[in-house]
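Next comes upload.cif, with mmCIF, C-alpha atoms.
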data_protein
#
loop_
_atom_site.label_atom_id
_atom_site.label_comp_id
_atom_site.auth_asym_id
_atom_site.auth_seq_id
_atom_site.Cartn_x
_atom_site.Cartn_y
_atom_site.Cartn_z
CA MET D 1 -96.20 0.08 11.57
CA THR D 2 -95.08 -1.53 14.84
CA THR D 3 -91.73 -0.78 16.44
CA PRO D 4 -89.12 -3.44 15.58
CA LEU D 5 -88.29 -5.94 18.29
CA LEU D 6 -84.54 -6.49 18.70
CA PHE D 7 -82.98 -9.69 20.03
CA ALA D 8 -79.28 -10.54 20.34
CA THR D 9 -77.06 -13.54 20.89
CA SER D 10 -75.23 -13.82 24.20
CA SER D 11 -71.97 -12.31 22.93
CA TYR D 12 -73.62 -9.25 21.38
CA GLN D 13 -75.73 -7.97 24.27
CA TYR D 14 -73.40 -4.96 24.61
CA LEU D 15 -74.09 -3.85 21.02
CA ALA D 16 -77.81 -4.59 21.34
CA THR D 17 -77.97 -2.04 24.17
CA SER D 18 -76.35 0.58 21.91
CA LEU D 19 -78.69 -0.26 19.00
CA VAL D 20 -81.78 0.08 21.19
CA ALA D 21 -80.50 3.42 22.51
CA ALA D 22 -79.78 4.68 18.98
CA SER D 23 -83.05 3.47 17.44
CA GLY D 24 -85.68 3.55 20.16
CA TRP D 25 -86.66 0.00 19.26
CA GLN D 26 -87.89 -2.51 21.81
CA ALA D 27 -85.38 -4.93 23.35
CA GLY D 28 -86.42 -8.58 23.18
CA THR D 29 -85.60 -10.94 26.03
CA ILE D 30 -84.44 -14.55 26.01
CA ASP D 31 -84.21 -17.11 28.79
CA ARG D 32 -80.98 -19.12 28.45
CA THR D 33 -79.70 -22.18 30.30
CA THR D 34 -76.78 -24.54 29.66
CA PHE D 35 -77.27 -28.12 30.81
CA PRO D 36 -74.45 -30.12 32.45
CA ASP D 37 -73.74 -31.96 29.20
CA GLY D 38 -73.28 -28.67 27.33
CA GLU D 39 -76.68 -28.62 25.63
CA HIS D 40 -78.18 -25.14 25.33
CA TYR D 41 -81.75 -24.15 26.20
CA TYR D 42 -83.37 -21.03 24.74
CA ARG D 43 -86.85 -19.60 25.35
CA LEU D 44 -88.13 -16.38 23.79
CA THR D 45 -89.68 -14.43 26.66
CA SER D 46 -90.67 -11.56 24.36
CA ASP D 47 -93.34 -12.69 21.89
CA PRO D 48 -92.21 -12.21 18.25
CA ALA D 49 -95.64 -13.04 16.78
CA ASP D 50 -96.68 -10.54 14.09
CA ARG D 51 -93.60 -8.42 14.79
CA ASP D 52 -90.85 -6.95 12.67
CA VAL D 53 -87.82 -8.62 14.29
CA VAL D 54 -84.12 -7.79 14.21
CA LEU D 55 -81.64 -10.41 15.42
CA LEU D 56 -78.09 -9.26 16.20
CA GLY D 57 -75.20 -11.72 16.31
CA GLY D 58 -71.99 -12.73 14.62
CA THR D 59 -70.16 -15.82 13.43
CA ILE D 60 -67.28 -15.23 15.85
CA ASP D 61 -67.13 -18.97 16.60
CA ASP D 62 -69.15 -22.12 16.01
CA GLN D 63 -71.19 -21.78 19.22
CA GLU D 64 -72.16 -18.20 18.42
CA THR D 65 -73.11 -19.23 14.87
CA LEU D 66 -75.35 -22.03 16.14
CA GLU D 67 -76.97 -19.75 18.71
CA LEU D 68 -77.70 -17.25 15.93
CA TYR D 69 -79.20 -20.03 13.82
CA ASP D 70 -81.31 -21.49 16.64
CA LEU D 71 -82.69 -18.09 17.66
CA ALA D 72 -83.48 -17.14 14.07
CA CYS D 73 -85.39 -20.39 13.50
CA GLY D 74 -87.26 -19.87 16.78
CA LEU D 75 -88.22 -16.31 15.88
CA VAL D 76 -89.72 -17.35 12.53
CA ALA D 77 -91.49 -20.31 14.15
CA GLY D 78 -92.79 -17.86 16.76
CA GLY D 79 -94.51 -15.79 14.09
CA ALA D 80 -92.11 -12.95 13.21
CA TYR D 81 -93.45 -11.53 9.93
CA ARG D 82 -90.08 -10.09 8.95
CA LEU D 83 -86.61 -11.15 10.11
CA THR D 84 -83.47 -9.07 9.76
CA LEU D 85 -80.18 -10.68 10.74
CA VAL D 86 -77.44 -8.21 11.64
CA LEU D 87 -73.94 -9.72 11.56
CA PRO D 88 -71.37 -7.01 12.40
CA PHE D 89 -68.61 -9.59 12.03
CA TYR D 90 -68.80 -12.47 9.56
CA GLY D 91 -66.10 -14.92 10.48
CA TYR D 92 -64.52 -17.72 8.48
CA GLY D 93 -63.02 -15.13 6.12
CA THR D 94 -59.76 -17.08 5.92
CA MET D 95 -61.54 -19.86 4.08
CA GLU D 96 -63.66 -17.87 1.63
CA ARG D 97 -62.31 -19.86 -1.32
CA ALA D 98 -60.41 -23.06 -2.01
CA VAL D 99 -56.80 -22.74 -3.10
CA ARG D 100 -55.66 -26.36 -2.91
CA PRO D 101 -57.59 -29.53 -3.82
CA GLY D 102 -59.73 -30.81 -0.98
CA GLU D 103 -60.00 -27.53 0.93
CA ILE D 104 -63.44 -26.82 2.37
CA VAL D 105 -64.84 -23.32 1.87
CA THR D 106 -66.16 -22.73 5.38
CA ALA D 107 -67.41 -19.21 4.65
CA LYS D 108 -69.71 -20.63 1.96
CA ASN D 109 -70.95 -23.43 4.18
CA ARG D 110 -71.86 -20.99 6.97
CA ALA D 111 -73.77 -18.85 4.47
CA ARG D 112 -75.63 -21.97 3.32
CA LEU D 113 -76.48 -22.78 6.95
CA LEU D 114 -77.92 -19.31 7.54
CA SER D 115 -79.75 -19.50 4.20
CA SER D 116 -81.62 -22.55 5.49
CA ILE D 117 -83.35 -20.52 8.22
CA PRO D 118 -87.09 -20.67 7.47
CA MET D 119 -88.21 -17.62 5.52
CA ALA D 120 -90.31 -15.04 7.37
CA SER D 121 -93.61 -14.27 5.64
CA ARG D 122 -92.45 -10.82 4.50
CA GLY D 123 -88.87 -11.80 3.87
CA THR D 124 -85.51 -12.26 5.55
CA GLN D 125 -82.46 -10.03 5.17
CA VAL D 126 -78.91 -10.34 6.45
CA PHE D 127 -76.73 -7.25 7.02
CA LEU D 128 -72.96 -7.76 6.90
CA LEU D 129 -70.34 -5.13 7.78
CA ASP D 130 -67.08 -4.62 5.86
CA LEU D 131 -66.65 -8.19 4.66
CA HIS D 132 -63.05 -9.32 4.24
CA VAL D 133 -64.13 -10.60 0.82
CA GLY D 134 -67.20 -8.96 -0.69
CA ALA D 135 -68.02 -12.04 -2.79
CA VAL D 136 -69.28 -13.74 0.40
CA THR D 137 -72.66 -12.09 -0.25
CA HIS D 138 -73.05 -14.39 -3.27
CA TYR D 139 -72.79 -17.45 -1.01
CA PHE D 140 -76.24 -16.85 0.48
CA GLU D 141 -78.96 -18.86 -1.22
CA GLY D 142 -82.72 -18.96 -1.64
CA GLY D 143 -84.84 -15.97 -0.68
CA ILE D 144 -82.55 -14.46 1.94
CA ARG D 145 -81.31 -11.02 0.85
CA PRO D 146 -77.76 -10.03 1.83
CA VAL D 147 -76.87 -6.34 2.33
CA HIS D 148 -73.19 -5.36 2.53
CA VAL D 149 -72.77 -2.34 4.80
CA TYR D 150 -69.57 -0.36 4.28
CA GLY D 151 -68.06 1.22 7.38
CA LYS D 152 -66.19 3.91 5.48
CA GLU D 153 -67.80 6.79 7.35
CA VAL D 154 -66.75 5.32 10.70
CA VAL D 155 -63.19 4.75 9.45
CA VAL D 156 -62.96 8.25 7.97
CA ALA D 157 -64.19 9.79 11.24
CA ALA D 158 -61.55 7.84 13.18
CA ALA D 159 -58.82 8.89 10.74
CA ARG D 160 -59.82 12.53 11.02
CA ARG D 161 -59.76 12.28 14.81
CA LEU D 162 -56.26 10.83 14.72
CA ALA D 163 -55.24 13.47 12.18
CA ALA D 164 -56.44 16.26 14.46
CA SER D 165 -54.12 15.00 17.20
CA HIS D 166 -51.29 14.95 14.64
CA GLY D 167 -51.87 18.49 13.42
CA GLY D 168 -53.84 17.24 10.39
CA ASP D 169 -50.86 16.06 8.33
CA PHE D 170 -50.45 12.32 7.75
CA VAL D 171 -50.18 9.55 5.15
CA LEU D 172 -52.89 6.87 4.98
CA ALA D 173 -51.29 3.47 4.47
CA CYS D 174 -52.17 -0.20 4.24
CA THR D 175 -50.55 -3.46 5.19
CA ASP D 176 -50.11 -4.76 1.65
CA ALA D 177 -50.80 -3.93 -1.99
CA GLY D 178 -53.97 -6.05 -1.92
CA ARG D 179 -55.77 -3.30 0.02
CA ALA D 180 -54.33 -0.45 -2.06
CA LYS D 181 -57.53 0.46 -3.95
CA TRP D 182 -59.59 0.63 -0.76
CA VAL D 183 -56.98 2.74 1.03
CA GLU D 184 -56.61 4.99 -2.01
CA SER D 185 -60.37 5.63 -1.96
CA LEU D 186 -60.23 6.51 1.74
CA ALA D 187 -57.19 8.72 1.19
CA ASN D 188 -59.02 10.61 -1.57
CA ASP D 189 -61.95 11.23 0.77
CA LEU D 190 -59.56 12.51 3.41
CA GLY D 191 -57.43 14.53 1.01
CA VAL D 192 -54.18 12.89 2.09
CA PRO D 193 -51.49 10.78 0.31
CA ALA D 194 -51.79 6.99 0.20
CA ALA D 195 -49.02 4.44 0.71
CA PHE D 196 -48.65 0.67 0.73
CA VAL D 197 -45.92 -1.90 1.16
CA TYR D 198 -44.69 -4.54 -1.29
CA LYS D 199 -44.35 -8.05 0.09
CA ARG D 200 -42.65 -11.21 -1.07
CA ARG D 201 -43.70 -14.63 0.17
CA ILE D 202 -40.72 -16.66 1.35
CA ALA D 203 -42.41 -19.89 2.41
CA GLY D 204 -45.79 -20.90 3.77
CA ASP D 205 -47.17 -18.03 5.83
CA THR D 206 -43.84 -16.20 5.98
CA THR D 207 -43.45 -12.94 4.05
CA GLU D 208 -40.95 -10.13 3.92
CA VAL D 209 -41.45 -6.47 3.01
CA THR D 210 -39.43 -5.45 -0.05
CA GLY D 211 -40.44 -1.81 -0.44
CA VAL D 212 -42.73 1.11 0.43
CA SER D 213 -44.74 2.86 -2.30
CA ALA D 214 -44.64 6.45 -1.04
CA GLN D 215 -42.38 8.92 0.74
CA VAL D 216 -43.16 8.67 4.44
CA ALA D 217 -39.89 10.04 5.85
CA GLY D 218 -40.60 12.64 8.50
CA LYS D 219 -44.36 12.03 8.29
CA ARG D 220 -47.02 10.52 10.49
CA VAL D 221 -48.63 7.33 9.12
CA VAL D 222 -52.07 5.88 9.80
CA ILE D 223 -52.38 2.26 8.65
CA TYR D 224 -55.82 0.96 7.68
CA ASP D 225 -56.89 -2.67 7.32
CA ASP D 226 -60.36 -4.19 7.37
CA MET D 227 -59.38 -6.63 10.12
CA ILE D 228 -56.67 -7.07 12.74
CA ARG D 229 -56.41 -10.65 13.90
CA THR D 230 -53.09 -11.35 15.64
CA GLY D 231 -51.52 -8.23 14.14
CA GLY D 232 -48.60 -9.93 12.39
CA SER D 233 -49.18 -8.16 9.08
CA LEU D 234 -49.76 -4.87 10.88
CA LEU D 235 -46.45 -5.12 12.71
CA SER D 236 -44.55 -5.98 9.51
CA ALA D 237 -46.03 -2.98 7.74
CA ALA D 238 -45.46 -0.67 10.70
CA ARG D 239 -41.83 -1.76 10.88
CA ALA D 240 -41.41 -1.03 7.15
CA TYR D 241 -42.92 2.45 7.47
CA ARG D 242 -40.75 3.18 10.51
CA ASP D 243 -37.63 2.02 8.66
CA ALA D 244 -38.67 4.29 5.77
CA GLY D 245 -38.61 7.25 8.14
CA ALA D 246 -42.16 7.60 9.52
CA VAL D 247 -42.06 9.59 12.77
CA ALA D 248 -45.27 8.13 14.27
CA ILE D 249 -47.62 5.30 13.33
CA ASP D 250 -51.24 4.60 14.33
CA ALA D 251 -53.66 1.99 13.00
CA ILE D 252 -57.36 1.76 12.16
CA ALA D 253 -59.40 -1.36 11.43
CA THR D 254 -63.09 -2.13 11.18
CA HIS D 255 -62.80 -5.47 12.97
CA GLY D 256 -60.47 -6.17 15.89
CA LEU D 257 -60.18 -9.82 16.99
CA PHE D 258 -57.02 -9.82 19.15
CA PRO D 259 -56.93 -13.48 20.27
CA ALA D 260 -54.83 -14.53 23.26
CA ASP D 261 -52.13 -11.92 24.05
CA SER D 262 -51.93 -10.39 20.57
CA LEU D 263 -53.02 -6.91 21.71
CA ASP D 264 -50.35 -6.92 24.43
CA ARG D 265 -47.74 -7.84 21.83
CA LEU D 266 -48.86 -5.05 19.54
CA GLN D 267 -48.56 -2.53 22.33
CA ALA D 268 -45.25 -3.92 23.57
CA SER D 269 -43.73 -3.60 20.09
CA GLY D 270 -43.50 0.16 20.55
CA LEU D 271 -44.28 0.63 16.85
CA LEU D 272 -47.83 1.90 17.28
CA GLY D 273 -49.15 4.87 19.19
CA ARG D 274 -52.83 3.94 19.09
CA ILE D 275 -55.18 1.46 17.45
CA VAL D 276 -58.79 2.40 16.62
CA VAL D 277 -61.35 -0.30 15.78
CA THR D 278 -65.14 -0.61 15.93
CA ASP D 279 -67.19 -2.65 18.38
CA SER D 280 -68.11 -5.14 15.65
CA HIS D 281 -66.39 -7.94 17.60
CA PRO D 282 -66.96 -8.65 21.32
CA ARG D 283 -63.23 -9.10 21.92
CA ALA D 284 -62.47 -5.51 20.90
CA HIS D 285 -65.27 -4.23 23.14
CA LYS D 286 -63.81 -6.17 26.06
CA LEU D 287 -60.21 -4.98 25.54
CA ARG D 288 -60.90 -1.28 24.86
CA GLY D 289 -58.69 1.19 26.68
CA THR D 290 -56.17 3.97 26.11
CA PHE D 291 -54.12 2.06 23.52
CA LEU D 292 -57.13 0.37 21.89
CA GLN D 293 -59.90 2.87 21.17
CA VAL D 294 -63.25 1.40 20.14
CA ASP D 295 -65.87 3.33 18.13
CA SER D 296 -69.49 2.20 18.04
CA ILE D 297 -71.09 1.07 14.80
CA ALA D 298 -74.61 1.32 16.28
CA PRO D 299 -75.54 4.62 14.54
CA LEU D 300 -74.28 3.30 11.18
CA LEU D 301 -76.22 0.04 11.52
CA VAL D 302 -79.42 1.81 12.59
CA GLU D 303 -79.13 4.17 9.60
CA HIS D 304 -78.88 1.25 7.16
CA LEU D 305 -81.57 -0.82 8.89
CA ILE D 306 -84.06 2.04 8.75
CA ARG D 307 -83.18 2.79 5.11
CA ASN D 308 -83.79 -0.84 4.08
CA ARG D 309 -87.00 -1.53 5.99
#
Could you render the structure as structure tokens?
Amino acid sequence: MTTPLLFATSSYQYLATSLVAASGWQAGTIDRTTFPDGEHYYRLTSDPADRDVVLLGGTIDDQETLELYDLACGLVAGGAYRLTLVLPFYGYGTMERAVRPGEIVTAKNRARLLSSIPMASRGTQVFLLDLHVGAVTHYFEGGIRPVHVYGKEVVVAAARRLAASHGGDFVLACTDAGRAKWVESLANDLGVPAAFVYKRRIAGDTTEVTGVSAQVAGKRVVIYDDMIRTGGSLLSAARAYRDAGAVAIDAIATHGLFPADSLDRLQASGLLGRIVVTDSHPRAHKLRGTFLQVDSIAPLLVEHLIRNR
């Protein structure tokens, strides 16, 4: 069996380097040019013919999604006998279902787009990490096989590291009751209490916290959520736990997006000691530092990729 050949979109070169180091696979190369009118040129300078190919990318924006699509089509056309798409972050999670008449389910449409990639002769798989909504796997069509990778072991390791700096005693919490089951499962694995906040929607996107489910007075709290975008929900929850008597609050998330100055605002709030996320999103990798600690998902991804080959 030949060594897999690993390619990556422009935004995920940093993670491709980690995957190659963790797996020993061969790194594929691509020649890229952008024309004055914005058109993109791609040329595979590593031959994928008769190779087991892994393509790393993410739907972090429309350009990244199209680059992923174009490269995938080119790899199959170039003769890859098996294609594995690795999407550490699957975007468009806000629109995973329609709530009001006329709303377009973008998450489903992106899955349909990726499902239209020509099928490699020995099959095509897509690996997705900690989806905001697990049902997204059912949006893929045809012969493509979706695999949902859970990042629990990375999250648990981060929580234990934070706990060690806190003397080992803390409460694992979430930003709202909707994540309660997931946080309870993590808390059971860690052997610590779980907590969540109750929210009431006032109007539109405005909510207020009406209560906290557990006793956190005098305790350290670690808040977990699958994704931190601007951090509004995280700040509301952190404020509620602080008002309930928590003496220190940290946060863990699988995906950290942090658009614009949102990370600065989180730090300036003074509510959080540290935030730990994975490198599933290029923005988190770029912003990592003392306040934002970033753990690599490369070993986890390699483990699942090898298991499913």
Considering only C-alpha atoms, give me a table of residues in segment 72-124 of chain D that are at most 6 Å from segment 45-55 of chain D, with the closest atom pair and distance in Å for each, as CSV.
residue,atom,partner,partner_atom,distance
D:Gly78,CA,D:Ala49,CA,5.6
D:Gly79,CA,D:Ala49,CA,4.0
D:Ala80,CA,D:Ala49,CA,5.0
D:Tyr81,CA,D:Asp50,CA,5.4
D:Arg82,CA,D:Asp52,CA,4.9
D:Leu83,CA,D:Val53,CA,5.0
D:Thr84,CA,D:Val54,CA,4.7
D:Leu85,CA,D:Leu55,CA,4.9
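Among the candidates D:Asn109, D:Ser269, D:Ser115, D:Thr65, the one nearest to Phe89 of chain D when counting all atoms listed in the file is D:Thr65.
For the set D:Phe291, D:Val126, D:Leu186, D:Leu6, the residue with the smallest atom-to-atom gap to Lys152 of chain D is D:Leu186, counting all atoms listed in the file.
The environment of Ala16 of chain D within 8 Å, counting all atoms listed in the file and disregarding residues fewer than 4 places along the same chain, consists of Leu6, Phe7, Ala8, Tyr12, Val20, Ala27 and Leu56 of chain D.
Note that atom CA of Val277 of chain D and atom CA of Ala253 of chain D are 4.9 Å apart.
Minimum atom-to-atom distance to Leu172 of chain D, evaluated using all atoms listed in the file, belongs to D:Tyr224 out of D:Arg160, D:Met119, D:Ala248, D:Tyr224.
In terms of minimum interatomic distance to Ile306 of chain D, D:Phe127 ranks closest within D:Ala260, D:Phe127, D:Glu67, D:Ala107, counting all atoms listed in the file.
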message: Please expand the PyMOL selection byres ((chain D and resi 161) around 12) into the concrete residues it hits in this file, giving the result as number ranges by chain.
response: D: 154-160, 162-170, 190, 222, 250, 252, 274, 276, 293, 295
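Taking atom CA of Thr254 of chain D as the reference point, atom CA of Ala298 of chain D is found at 13.1 Å.
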- line: With distances taken over only C-alpha atoms, the candidate from D:Ala195, D:Ser236, D:Leu19, D:Tyr139 nearest Arg220 of chain D is D:Ala195
Residues near Tyr150 of chain D, cut-off 9 Å, all atoms listed in the file, skip fewer than 3 positions along chain, as a ChimeraX atom specification: /D:128-131,153
Print the selection's residues with C-alpha atoms to a file, as a JSON list (two decimals), keeping the file's coordinate frame.
[["chain", "number", "residue", "atom", "x", "y", "z"],
["D", 128, "LEU", "CA", -72.96, -7.76, 6.90],
["D", 129, "LEU", "CA", -70.34, -5.13, 7.78],
["D", 130, "ASP", "CA", -67.08, -4.62, 5.86],
["D", 131, "LEU", "CA", -66.65, -8.19, 4.66],
["D", 153, "GLU", "CA", -67.80, 6.79, 7.35]]
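We find atom CA of Val147 of chain D and atom CA of Gly57 of chain D to be spaced 15.1 Å apart.
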- prompt: What does the PyMOL selection byres ((chain D and resi 231) around 10) select in this file, as a PyMOL selection string?
  reply: chain D and resi 227-230+232-237+256-259+262-263+265-266
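In this comparison, which uses only C-alpha atoms, the residue of D:Glu141, D:Asp261, D:Asp225, D:Asp62 approaching Trp182 of chain D most closely is D:Asp225.
Those residues that approach segment 116-118 of chain D to within 9 Å, counting all atoms listed in the file, are D:Tyr69, D:Asp70, D:Ala72, D:Cys73, D:Val76, D:Ala77, D:Ala111, D:Arg112, D:Thr124, D:Glu141, D:Gly142, D:Ile144; same-chain residues fewer than 4 positions away are not listed.
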